[in-house]
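Student: Please find one structure pasted underneath; my questions will follow.
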Amino acid sequence: MESQIFLNGITLEQLAEALQPLLQLQQQEQVQPESDLLTRSEVCQLLSINFTTLWKHTKSGKLLSSGIGNRVFYSRKQVLEAVKPINH
């Protein structure tokens, strides 16, 4: 079922002005590419796992990490490639 919205007492210019901030926000989100490097917390959120599980996968070599100083990063591409289908 399709919903309908009726606007009374508003001009086209007022509607365009009201929608402008939303349109700008959407354009900004499309322009900004997703970072190729993910932090540990971003990987945990992406895979729905906790830090201990991430640590185990990193230590076993299933996920490769990189570091800058004491910061640890993971490649988005490598993280997504590590997820494999389960054959039952």
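Convention: chains lettered A, B, ... in structure tokens order; per-chain residue numbering from 1; ligands numbered from 1 as shown.
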Run DSSP on the backbone and tell me which residues of chain A come out as helix (DSSP H, G or I); list them as a count of residues only.
Tutor: 45
Student: Got a sec to tell me which of range 48-87 of chain A DSSP assigns to strand (DSSP E or B), as a list in words?
Tutor: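 Selecting the strand (DSSP E or B) positions of range 48-87 of chain A gives Ser65, Ser66, Gly67, Ile68, Arg71, Val72, Phe73, Tyr74 and Ser75 of chain A.
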Student: List the neighbours of range 51-56 of chain A out to 8 Å using only C-alpha atoms; skip same-chain residues closer than 5 positions along the sequence, and give me the result as a PDB file with all heavy atoms, in the first residue's frame.
Tutor:
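Below is the file out.pdb, written as the result:
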```pdb
ATOM      1  N   ARG A  40      40.049  -1.578  14.958  1.00  0.00           N
ATOM      2  CA  ARG A  40      39.571  -2.826  15.558  1.00  0.00           C
ATOM      3  C   ARG A  40      38.086  -2.756  15.897  1.00  0.00           C
ATOM      4  O   ARG A  40      37.349  -3.704  15.647  1.00  0.00           O
ATOM      5  CB  ARG A  40      40.380  -3.158  16.805  1.00  0.00           C
ATOM      6  CG  ARG A  40      41.798  -3.585  16.485  1.00  0.00           C
ATOM      7  CD  ARG A  40      42.556  -3.966  17.705  1.00  0.00           C
ATOM      8  NE  ARG A  40      42.883  -2.736  18.444  1.00  0.00           N
ATOM      9  CZ  ARG A  40      43.627  -2.717  19.534  1.00  0.00           C
ATOM     10  NH1 ARG A  40      44.108  -3.812  20.041  1.00  0.00           N
ATOM     11  NH2 ARG A  40      43.893  -1.572  20.130  1.00  0.00           N
ATOM     12  N   SER A  41      37.656  -1.635  16.437  1.00  0.00           N
ATOM     13  CA  SER A  41      36.242  -1.529  16.803  1.00  0.00           C
ATOM     14  C   SER A  41      35.347  -1.527  15.560  1.00  0.00           C
ATOM     15  O   SER A  41      34.253  -2.085  15.584  1.00  0.00           O
ATOM     16  CB  SER A  41      35.983  -0.292  17.654  1.00  0.00           C
ATOM     17  OG  SER A  41      36.334   0.874  16.952  1.00  0.00           O
ATOM     18  N   VAL A  43      35.994  -3.124  12.736  1.00  0.00           N
ATOM     19  CA  VAL A  43      35.954  -4.513  12.266  1.00  0.00           C
ATOM     20  C   VAL A  43      35.004  -5.328  13.129  1.00  0.00           C
ATOM     21  O   VAL A  43      34.202  -6.111  12.614  1.00  0.00           O
ATOM     22  CB  VAL A  43      37.369  -5.144  12.252  1.00  0.00           C
ATOM     23  CG1 VAL A  43      37.300  -6.622  11.915  1.00  0.00           C
ATOM     24  CG2 VAL A  43      38.271  -4.419  11.270  1.00  0.00           C
ATOM     25  N   CYS A  44      35.076  -5.139  14.434  1.00  0.00           N
ATOM     26  CA  CYS A  44      34.174  -5.869  15.342  1.00  0.00           C
ATOM     27  C   CYS A  44      32.727  -5.535  15.035  1.00  0.00           C
ATOM     28  O   CYS A  44      31.876  -6.436  15.011  1.00  0.00           O
ATOM     29  CB  CYS A  44      34.498  -5.535  16.796  1.00  0.00           C
ATOM     30  SG  CYS A  44      36.046  -6.249  17.376  1.00  0.00           S
TER      31      CYS A  44
END
```
Student: Range 84-88 of chain A: which residues within 12 Å, counting only C-alpha atoms, same-chain residues fewer than 5 positions away excluded, as a list in words?
Tutor: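 Listing them by chain and then by number gives Lys62, Gln78 and Val79 of chain A.
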Student: Please produce an output containing N, CA and C atoms for each residue in the selection, written as a JSON list (two decimals), in the first residue's frame.
Tutor:
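Once everything was written out, this is result-v9.json:
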```
[["chain", "number", "residue", "atom", "x", "y", "z"],
["A", 62, "LYS", "N", 43.86, -15.62, 10.10],
["A", 62, "LYS", "CA", 42.66, -15.49, 9.28],
["A", 62, "LYS", "C", 42.43, -14.03, 8.87],
["A", 78, "GLN", "N", 40.40, -7.03, 2.73],
["A", 78, "GLN", "CA", 40.85, -8.29, 3.30],
["A", 78, "GLN", "C", 39.88, -8.85, 4.32],
["A", 79, "VAL", "N", 39.27, -7.97, 5.11],
["A", 79, "VAL", "CA", 38.30, -8.42, 6.10],
["A", 79, "VAL", "C", 37.09, -9.06, 5.40]]
```
Student: Rounded to one decimal place, report the CA of Val83 in chain A-CA of Gly69 in chain A distance in Å.
Tutor: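 Rounded to one decimal, the two atoms are 27.5 Å apart.
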Student: Which of these residues is nearest to Ile68 in chain A, using only C-alpha atoms: A:Leu37, A:Leu25, A:Ile10, A:Ala18?
Tutor: A:Leu37
